[in-house]
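Visitor: Handing you this structure, nothing more for now.
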Amino acid sequence: MIQAVKGTKDILPDTVNNWYFFEGTFRKSSAKFGYRELRTPIFEKTEVFSRSIGDNTDIVNKEMYTFLDKSGESITLRPEMTAALVRSVLQNSMLHDQPLLRLWYFGPFFRYERPQKGRLRQFHQYGAECLGSAYPESDVEVILLANNIIASLGIPKYKLFLNSLGNEASRINYKDKLISFLKDNNEKLSYDSRMRLEANPLRILDSKDEGDLEVLAHAPVITDYLDHESRSHFETVKSFLSDSGIEYEIQPRLVRGLDYYSHTVFEFQSSYLGAQDSFGGGGRYDGLFEQLGSKRTPAVGFAFGVERLMLILEALNNTPEDYYKCDLYMINLSPEAYAISMKIAGDLRNKGMNVMLDLLKRSFKSQIREANKLGAKWTIIIGEDEINSGTAIVKNMNDGEQIHHEINDLVNLDFNTL
Ligand code: AMP
């Protein structure tokens with residue numbers, strides 16, 4: 001039998017309710033903050049990602065699904081959204097007639113990673129981006145939106161880690177200090193980190209290697225190298241977060257994987273997840289528009305990993321309302337009864353009820369069993385006797401109470417009073 005590609009998953013009807021719950025929450029929370037949805041193609045020209053994410057990042061180096069299409073053009077399945085979103089904003093001149101743009105997105109993303117719990121090759125992200133404002137208030141707004149979503153999903157405990165990478169001047173200054181410190185400890189670093197030393201030293205701070213961690217424990221931290229502007233930006237973010245009752249922890253080694261971040265970076269972690277405990281993160285990326293060939297445009301945003309949010313929801317045993325709940329099951333016991341049931345089912349569906357009926361000409365007992373299995377709130381039973389008397393049996397499946405009601409008037413029955 002042909003199996004799905006490694007690291008990909010079918011979303012089965014049993015779990016699709018969770019997805020609707022997530023999608024509904026994303027839509028509602030985004031609207032509360034004035035963010036509108038943007039949908040872009042699932043693939044882009046490769047340079048959209050290679051020019052923005054950074055040549056020395058894992059994503060661009062190892063993880064992109066890149067192929068030549070039939071015309072020989074290099075195409076990449078999107079590994080993340082921010083670069084594609086900026087491409088779309090520029091192409092559609094979305095910032096021409098307004099100085100500030102609030103956008104959100106949801107959809108599948110693709111990275112060739114080693115699959116494990118919480119790590120897939122096709123996964124989903126929700127994200128939001130606030131484009132056009134350099135003020136720390138917009139960093140705060142996107143974190144508040146993220147927090148609103150987490151609360152609306154019913155996730156009680158999580159950690160928000162916060163750091164500042166400062167402006168470019170601060171980062172250059174810090175990078176020099178970091179490189180010289182790491183060079184002094186070169187022989188204790190892992191092979192990967194030694195390779196990154198010149199090209200992308202900040203990424204070494206992300207390392208999980210034990211030897212690296214020992215060295216990093218004594219490394220200079222970026223927050224000590226922030227200039228006045230960077231420091232003041234970070235202080236404002238922290239103070240507004242505190243004013244909003246948002247708890248955070250400063251994590252001076254948090255740099256996040258991508259090259260385009262500046263100033264605020266943040267990450268959400270949950271103890272309900274295993275080794276892959278980060279369920280989202282983001283930051284400010286004031287330089288990305290320039291990298292993609294446009295004028296400098298400040299921006300900040302974040303993304304959640306939806307499968308990881310889903311794992312938290314499962315660990316909490318939270319089951320959202322069943323979208324497919326069966327309100328009414330119509331038990332029909334003859335071809336004539338089926339014809340009548342079909343008509344009534346149509347009328348009641350038009351009134352907004354979910355109505356199902358037997359298609360296998362099963363016995364009364366089997367149909368009742370099926371109604372129970374589907375969790376039907378009510379059943380209507382129509383057989384020969386009911387057709388002769390013109391009244392159907394209406395049964396409340398919760399308490400077993402049943403009444404007789406005129407078949408021609410079933411459409412007017414208020415089931416909630418039964
Ligand atoms: P990133 O775009 O790398 O900042 O990731 C943002 C969030 O997406 C992470 O915190 C994860 O929750 C999720 N994520 C990233 N990569 C994967 C993956 N391969 N499988 C599942 N979730 C992922």
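The way I read the labels, and the way they are meant: chains A, B, ... in the order of the structure tokens, residue 1 as the first residue of every chain, and ligand 1 as the first ligand shown, with later ones counted on from there.
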List all protein, DNA and RNA residues that have at least one atom no more than 9 Å from any atom of ligand 1, counting only C-alpha atoms and all ligand atoms, and write them as a PyMOL selection string.
Guide: chain A and resi 7+59+79-82+109-127+256-258+267-269+276-282+302-309
Visitor: Go ahead and save the picked residues with C-alpha atoms, as a PDB file, in the first residue's frame.
Guide:
ATOM      1  CA  GLY A   7       6.808  13.677   8.050  1.00  0.00           C
ATOM      2  CA  ILE A  59      16.226  26.547   6.613  1.00  0.00           C
ATOM      3  CA  PRO A  79       9.236  27.082   4.584  1.00  0.00           C
ATOM      4  CA  GLU A  80       7.806  30.129   6.397  1.00  0.00           C
ATOM      5  CA  MET A  81       5.506  33.011   5.585  1.00  0.00           C
ATOM      6  CA  THR A  82       7.154  36.303   6.423  1.00  0.00           C
ATOM      7  CA  PHE A 109       4.563  25.110   5.428  1.00  0.00           C
ATOM      8  CA  PHE A 110       7.309  22.728   4.364  1.00  0.00           C
ATOM      9  CA  ARG A 111      10.717  21.967   5.827  1.00  0.00           C
ATOM     10  CA  TYR A 112      12.900  18.938   5.232  1.00  0.00           C
ATOM     11  CA  GLU A 113      13.598  18.256   8.918  1.00  0.00           C
ATOM     12  CA  ARG A 114      14.045  15.016  10.829  1.00  0.00           C
ATOM     13  CA  PRO A 115      10.462  14.097  11.788  1.00  0.00           C
ATOM     14  CA  GLN A 116       9.660  13.509  15.444  1.00  0.00           C
ATOM     15  CA  LYS A 117       6.853  14.383  17.859  1.00  0.00           C
ATOM     16  CA  GLY A 118       5.904  17.988  17.121  1.00  0.00           C
ATOM     17  CA  ARG A 119       8.227  18.174  14.125  1.00  0.00           C
ATOM     18  CA  LEU A 120       6.860  17.494  10.664  1.00  0.00           C
ATOM     19  CA  ARG A 121       7.879  18.098   7.076  1.00  0.00           C
ATOM     20  CA  GLN A 122       4.487  19.594   6.291  1.00  0.00           C
ATOM     21  CA  PHE A 123       3.198  21.559   9.265  1.00  0.00           C
ATOM     22  CA  HIS A 124       0.842  24.490   9.748  1.00  0.00           C
ATOM     23  CA  GLN A 125       1.413  27.955  11.083  1.00  0.00           C
ATOM     24  CA  TYR A 126      -0.809  30.813  12.102  1.00  0.00           C
ATOM     25  CA  GLY A 127       0.993  34.118  12.099  1.00  0.00           C
ATOM     26  CA  ARG A 256      15.739  32.737  16.801  1.00  0.00           C
ATOM     27  CA  GLY A 257      16.902  30.990  13.664  1.00  0.00           C
ATOM     28  CA  LEU A 258      16.526  33.574  10.950  1.00  0.00           C
ATOM     29  CA  GLU A 267       9.360  32.716  21.907  1.00  0.00           C
ATOM     30  CA  PHE A 268       6.476  30.832  23.510  1.00  0.00           C
ATOM     31  CA  GLN A 269       7.159  27.574  25.318  1.00  0.00           C
ATOM     32  CA  GLN A 276      10.065  20.416  20.918  1.00  0.00           C
ATOM     33  CA  ASP A 277       8.617  22.751  23.533  1.00  0.00           C
ATOM     34  CA  SER A 278       8.456  25.952  21.509  1.00  0.00           C
ATOM     35  CA  PHE A 279       5.002  26.519  20.066  1.00  0.00           C
ATOM     36  CA  GLY A 280       5.654  29.876  18.512  1.00  0.00           C
ATOM     37  CA  GLY A 281       7.839  32.856  18.246  1.00  0.00           C
ATOM     38  CA  GLY A 282       8.589  36.012  16.388  1.00  0.00           C
ATOM     39  CA  PHE A 302       5.120  36.083  15.037  1.00  0.00           C
ATOM     40  CA  ALA A 303       4.031  32.572  14.105  1.00  0.00           C
ATOM     41  CA  PHE A 304       2.492  29.710  16.037  1.00  0.00           C
ATOM     42  CA  GLY A 305       3.079  26.075  15.118  1.00  0.00           C
ATOM     43  CA  VAL A 306      -0.480  24.783  14.920  1.00  0.00           C
ATOM     44  CA  GLU A 307       0.344  21.068  15.374  1.00  0.00           C
ATOM     45  CA  ARG A 308       2.160  21.992  18.591  1.00  0.00           C
ATOM     46  CA  LEU A 309      -0.830  23.993  19.826  1.00  0.00           C
TER      47      LEU A 309
END
Visitor: Residues at most 9 Å from A:Ala345, counting only C-alpha atoms, excluding those fewer than 5 positions away in the same chain, as a list in words?
Guide: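 Once the nearby chain positions are removed, what remains is Leu328, Tyr329, Met330, Ile340, Asn350, Met353, Asn354, Val355, Met356, Leu357 and Val411 of chain A.
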Visitor: May I have the selected residues written with C-alpha atoms, as a PDB file, in the first residue's frame?
Guide:
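That gives us selection-v4.pdb:
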ATOM      1  CA  LEU A 328     -31.662  14.494  14.661  1.00  0.00           C
ATOM      2  CA  TYR A 329     -31.591  10.965  13.300  1.00  0.00           C
ATOM      3  CA  MET A 330     -34.632   9.954  11.260  1.00  0.00           C
ATOM      4  CA  ILE A 340     -41.536  11.130   3.992  1.00  0.00           C
ATOM      5  CA  ASN A 350     -33.271  24.398   6.096  1.00  0.00           C
ATOM      6  CA  MET A 353     -30.490  21.316  12.108  1.00  0.00           C
ATOM      7  CA  ASN A 354     -27.965  18.563  11.297  1.00  0.00           C
ATOM      8  CA  VAL A 355     -30.192  15.696  10.191  1.00  0.00           C
ATOM      9  CA  MET A 356     -29.118  12.214   9.137  1.00  0.00           C
ATOM     10  CA  LEU A 357     -31.093   9.211   7.987  1.00  0.00           C
ATOM     11  CA  VAL A 411     -41.223  21.163  10.681  1.00  0.00           C
TER      12      VAL A 411
END
Visitor: If you count only C-alpha atoms, which residues fall within 8 Å of stretch 140-146 of chain A, apart from same-chain ones fewer than 2 positions away, as a list in words?
Guide: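 Here the qualifying residues turn out to be Ser29, Ser30, Phe33, Ala128, Glu129, Cys130, Pro136, Glu137, Ser138, Asn148, Ile149, Ile150, Val237, Phe240, Leu241, Val300, Gly301 and Phe302 of chain A.
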Visitor: Give me, please, the distance in Å between atom CA of A:Ser193 and atom CA of A:Glu63, quoted to one decimal.
Guide: 18.2 Å
Visitor: Atom CA of A:Leu162 and atom CA of A:His263, how far apart in Å?
Guide: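 Straight-line distance from atom CA of A:His263 to atom CA of A:Leu162 works out to 10.4 Å.
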Visitor: Please identify all polymer residues within 12 Å of A:His218, counting only C-alpha atoms, omitting same-chain residues fewer than 3 positions from it, and present them as a list of chain:residue names.
Guide: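 Selected residues are A:Leu178, A:Phe181, A:Leu182, A:Asp184, A:Asn185, A:Leu205, A:Asp212, A:Leu213, A:Glu214, A:Val215, A:Val221, A:Pro252, A:Arg253.
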Visitor: Write to file, as a compact mmCIF listing (two decimals), in the first residue's frame, the residues of the selection just made, with all heavy atoms.
Guide:
# COMPACT_ATOMS: atom_id res chain seq x y z
N LEU A 178 31.37 38.88 20.59
CA LEU A 178 31.03 37.45 20.66
C LEU A 178 32.06 36.62 19.87
O LEU A 178 32.56 35.60 20.37
CB LEU A 178 29.62 37.22 20.10
CG LEU A 178 29.10 35.79 20.16
CD1 LEU A 178 28.92 35.33 21.60
CD2 LEU A 178 27.75 35.66 19.41
N PHE A 181 35.27 36.34 21.76
CA PHE A 181 35.12 35.40 22.88
C PHE A 181 35.10 33.94 22.38
O PHE A 181 35.79 33.07 22.94
CB PHE A 181 33.82 35.70 23.66
CG PHE A 181 33.46 34.63 24.65
CD1 PHE A 181 34.01 34.62 25.93
CD2 PHE A 181 32.58 33.59 24.31
CE1 PHE A 181 33.69 33.61 26.84
CE2 PHE A 181 32.26 32.59 25.21
CZ PHE A 181 32.81 32.61 26.48
N LEU A 182 34.34 33.70 21.31
CA LEU A 182 34.21 32.32 20.82
C LEU A 182 35.53 31.83 20.21
O LEU A 182 35.88 30.66 20.35
CB LEU A 182 33.07 32.22 19.79
CG LEU A 182 31.66 32.43 20.36
CD1 LEU A 182 30.63 32.50 19.25
CD2 LEU A 182 31.28 31.33 21.36
N ASP A 184 38.43 32.63 21.29
CA ASP A 184 39.27 32.26 22.44
C ASP A 184 38.92 30.86 22.94
O ASP A 184 39.72 30.22 23.62
CB ASP A 184 39.07 33.26 23.60
CG ASP A 184 39.68 34.60 23.26
OD1 ASP A 184 40.48 34.65 22.29
OD2 ASP A 184 39.34 35.61 23.93
N ASN A 185 37.67 30.44 22.68
CA ASN A 185 37.22 29.12 23.16
C ASN A 185 37.00 28.14 22.02
O ASN A 185 36.28 27.15 22.18
CB ASN A 185 35.91 29.29 23.94
CG ASN A 185 36.12 30.04 25.23
OD1 ASN A 185 36.52 29.48 26.24
ND2 ASN A 185 35.90 31.36 25.20
N LEU A 205 24.48 30.83 19.50
CA LEU A 205 23.75 30.99 20.78
C LEU A 205 22.55 30.04 20.86
O LEU A 205 22.04 29.76 21.93
CB LEU A 205 23.27 32.43 20.94
CG LEU A 205 24.36 33.51 20.97
CD1 LEU A 205 23.74 34.89 21.03
CD2 LEU A 205 25.27 33.31 22.18
N ASP A 212 29.10 23.31 23.71
CA ASP A 212 28.80 24.70 23.35
C ASP A 212 28.12 25.42 24.51
O ASP A 212 28.44 26.56 24.84
CB ASP A 212 27.85 24.76 22.13
CG ASP A 212 28.55 24.35 20.84
OD1 ASP A 212 29.78 24.21 20.86
OD2 ASP A 212 27.84 24.19 19.83
N LEU A 213 27.20 24.72 25.14
CA LEU A 213 26.42 25.35 26.22
C LEU A 213 27.34 25.77 27.37
O LEU A 213 27.15 26.84 27.97
CB LEU A 213 25.32 24.40 26.73
CG LEU A 213 24.13 24.24 25.77
CD1 LEU A 213 23.17 23.17 26.27
CD2 LEU A 213 23.39 25.56 25.59
N GLU A 214 28.34 24.92 27.64
CA GLU A 214 29.29 25.27 28.71
C GLU A 214 30.04 26.56 28.38
O GLU A 214 30.21 27.43 29.22
CB GLU A 214 30.29 24.14 28.91
CG GLU A 214 29.90 23.21 30.06
CD GLU A 214 30.79 21.98 30.12
OE1 GLU A 214 32.02 22.14 30.04
OE2 GLU A 214 30.22 20.88 30.24
N VAL A 215 30.47 26.63 27.12
CA VAL A 215 31.19 27.84 26.69
C VAL A 215 30.25 29.05 26.75
O VAL A 215 30.59 30.11 27.29
CB VAL A 215 31.72 27.68 25.24
CG1 VAL A 215 32.35 28.97 24.74
CG2 VAL A 215 32.72 26.53 25.18
N VAL A 221 26.60 38.79 26.76
CA VAL A 221 25.19 38.76 26.34
C VAL A 221 24.82 40.06 25.64
O VAL A 221 25.31 41.14 25.99
CB VAL A 221 24.22 38.52 27.54
CG1 VAL A 221 24.36 37.12 28.08
CG2 VAL A 221 24.41 39.55 28.62
N PRO A 252 18.64 36.06 27.45
CA PRO A 252 19.62 36.83 26.66
C PRO A 252 20.24 36.04 25.51
O PRO A 252 20.85 36.62 24.63
CB PRO A 252 20.70 37.20 27.67
CG PRO A 252 20.21 36.76 29.00
CD PRO A 252 19.08 35.82 28.82
N ARG A 253 20.06 34.69 25.51
CA ARG A 253 20.64 33.94 24.40
C ARG A 253 19.62 33.63 23.30
O ARG A 253 19.95 32.98 22.31
CB ARG A 253 21.25 32.63 24.92
CG ARG A 253 22.51 32.86 25.75
CD ARG A 253 23.54 31.78 25.46
NE ARG A 253 22.96 30.46 25.52
CZ ARG A 253 22.90 29.73 26.63
NH1 ARG A 253 23.42 30.18 27.75
NH2 ARG A 253 22.34 28.55 26.62
Visitor: From the options A:Lys157, A:Leu313, A:Asn18, A:Thr57, which residue's atoms come nearest to A:Pro201, counting only C-alpha atoms?
Guide: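 Residue with the minimum atom-to-atom distance to A:Pro201: A:Thr57.
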Visitor: Check the DSSP output for the backbone and give back, as a ChimeraX atom specification, the residues of stretch 155-234 of chain A in strand (DSSP E or B).
Guide: /A:159-164
Visitor: Using only C-alpha atoms, please write the residues we just selected to a file, as a short mmCIF file (atom, residue, chain, number, x, y, z; two decimals), in the first residue's frame.
Guide:
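The result, stored in result-v8.cif:
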data_model
loop_
_atom_site.label_atom_id
_atom_site.label_comp_id
_atom_site.auth_asym_id
_atom_site.auth_seq_id
_atom_site.Cartn_x
_atom_site.Cartn_y
_atom_site.Cartn_z
CA LYS A 159 6.24 30.85 29.12
CA LEU A 160 7.07 33.92 27.09
CA PHE A 161 10.80 34.39 26.59
CA LEU A 162 11.92 37.81 25.49
CA ASN A 163 15.18 39.25 24.22
CA SER A 164 16.44 42.18 22.21
#
Visitor: Taking into account only C-alpha atoms, which residue in the set A:Ser334, A:Asn200, A:Asn147, A:Asn173 is nearest to A:Ser244?
Guide: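 Using only C-alpha atoms, A:Ser244 sits closest to A:Asn147.
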Visitor: Determine which residues of stretch 2-153 of chain A DSSP labels as alpha helix (DSSP H) from the backbone of this structure, then write them out as JSON, numbers by chain.
Guide: {"A": [16, 17, 18, 19, 20, 21, 22, 23, 24, 25, 26, 27, 28, 29, 30, 31, 32, 46, 47, 48, 49, 50, 51, 52, 53, 58, 82, 83, 84, 85, 86, 87, 88, 89, 90, 91, 136, 137, 138, 139, 140, 141, 142, 143, 144, 145, 146, 147, 148, 149, 150, 151, 152]}
Visitor: Using atom CA of A:Leu288 and atom CA of A:Gly54 as the two end points, give the distance in Å to one decimal.
Guide: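 Computing the Euclidean distance for atom CA of A:Leu288 and atom CA of A:Gly54 yields 10.4 Å.
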Visitor: Nearest residue to A:Tyr225 out of A:Ile250, A:Met1, A:Met397, A:Ala169, using only C-alpha atoms?
Guide: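 Closest to A:Tyr225 of all the choices is A:Ala169.
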Visitor: Contacts of A:Asn398 at 10 Å or less, counting only C-alpha atoms, minus same-chain residues fewer than 4 places along, as a list in words?
Guide: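 After dropping sequence-adjacent residues, the list is Asn372, Gly375, Ala376, Lys377 and Trp378 of chain A.
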Visitor: Between A:Thr76, A:Ser152, A:Thr391, A:Ser242, which residue has the minimum interatomic distance to A:Met64, considering only C-alpha atoms?
Guide: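 Smallest distance to A:Met64 is found for A:Thr76.
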Visitor: So, with only C-alpha atoms as the atoms that count, which of A:Ile381, A:Arg87, A:Asp327, A:Asp14 lies closest to A:Asn416?
Guide: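 Counting only C-alpha atoms, the residue closest to A:Asn416 is A:Asp327.
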Visitor: Quick one: of A:Ala315, A:Ala199, A:Lys208, A:Arg296, who's nearest to A:Ser270, counting only C-alpha atoms?
Guide: A:Ala315
Visitor: Find the spatial neighbours of A:Ile312, counting only C-alpha atoms, within a cut-off of 9 Å - ignore same-chain residues fewer than 4 positions away - and output them as a PyMOL selection string.
Guide: chain A and resi 155+270-273+307-308+316-318
Visitor: Restricting it to N, CA and C atoms, dump the selection as a PDB file, in the first residue's frame.
Guide:
ATOM      1  N   ILE A 155      -5.474  27.609  26.730  1.00  0.00           N
ATOM      2  CA  ILE A 155      -4.162  27.130  27.193  1.00  0.00           C
ATOM      3  C   ILE A 155      -3.777  27.917  28.444  1.00  0.00           C
ATOM      4  N   SER A 270       5.877  25.712  26.128  1.00  0.00           N
ATOM      5  CA  SER A 270       4.888  25.074  26.988  1.00  0.00           C
ATOM      6  C   SER A 270       5.455  23.806  27.599  1.00  0.00           C
ATOM      7  N   SER A 271       5.171  23.609  28.872  1.00  0.00           N
ATOM      8  CA  SER A 271       5.650  22.393  29.543  1.00  0.00           C
ATOM      9  C   SER A 271       4.807  21.181  29.138  1.00  0.00           C
ATOM     10  N   TYR A 272       3.701  21.425  28.408  1.00  0.00           N
ATOM     11  CA  TYR A 272       2.888  20.302  27.933  1.00  0.00           C
ATOM     12  C   TYR A 272       3.523  19.614  26.724  1.00  0.00           C
ATOM     13  N   LEU A 273       4.542  20.266  26.132  1.00  0.00           N
ATOM     14  CA  LEU A 273       5.206  19.673  24.974  1.00  0.00           C
ATOM     15  C   LEU A 273       6.477  18.978  25.441  1.00  0.00           C
ATOM     16  N   GLU A 307       0.320  22.453  14.864  1.00  0.00           N
ATOM     17  CA  GLU A 307       0.344  21.068  15.374  1.00  0.00           C
ATOM     18  C   GLU A 307       0.807  21.046  16.836  1.00  0.00           C
ATOM     19  N   ARG A 308       1.700  21.961  17.188  1.00  0.00           N
ATOM     20  CA  ARG A 308       2.160  21.992  18.591  1.00  0.00           C
ATOM     21  C   ARG A 308       1.066  22.517  19.501  1.00  0.00           C
ATOM     22  N   LEU A 316      -4.244  18.651  27.425  1.00  0.00           N
ATOM     23  CA  LEU A 316      -5.196  19.238  28.380  1.00  0.00           C
ATOM     24  C   LEU A 316      -6.548  18.536  28.335  1.00  0.00           C
ATOM     25  N   ASN A 317      -6.685  17.612  27.368  1.00  0.00           N
ATOM     26  CA  ASN A 317      -7.958  16.922  27.175  1.00  0.00           C
ATOM     27  C   ASN A 317      -9.099  17.857  26.823  1.00  0.00           C
ATOM     28  N   ASN A 318      -8.767  18.968  26.178  1.00  0.00           N
ATOM     29  CA  ASN A 318      -9.813  19.920  25.768  1.00  0.00           C
ATOM     30  C   ASN A 318     -10.396  19.483  24.433  1.00  0.00           C
TER      31      ASN A 318
END
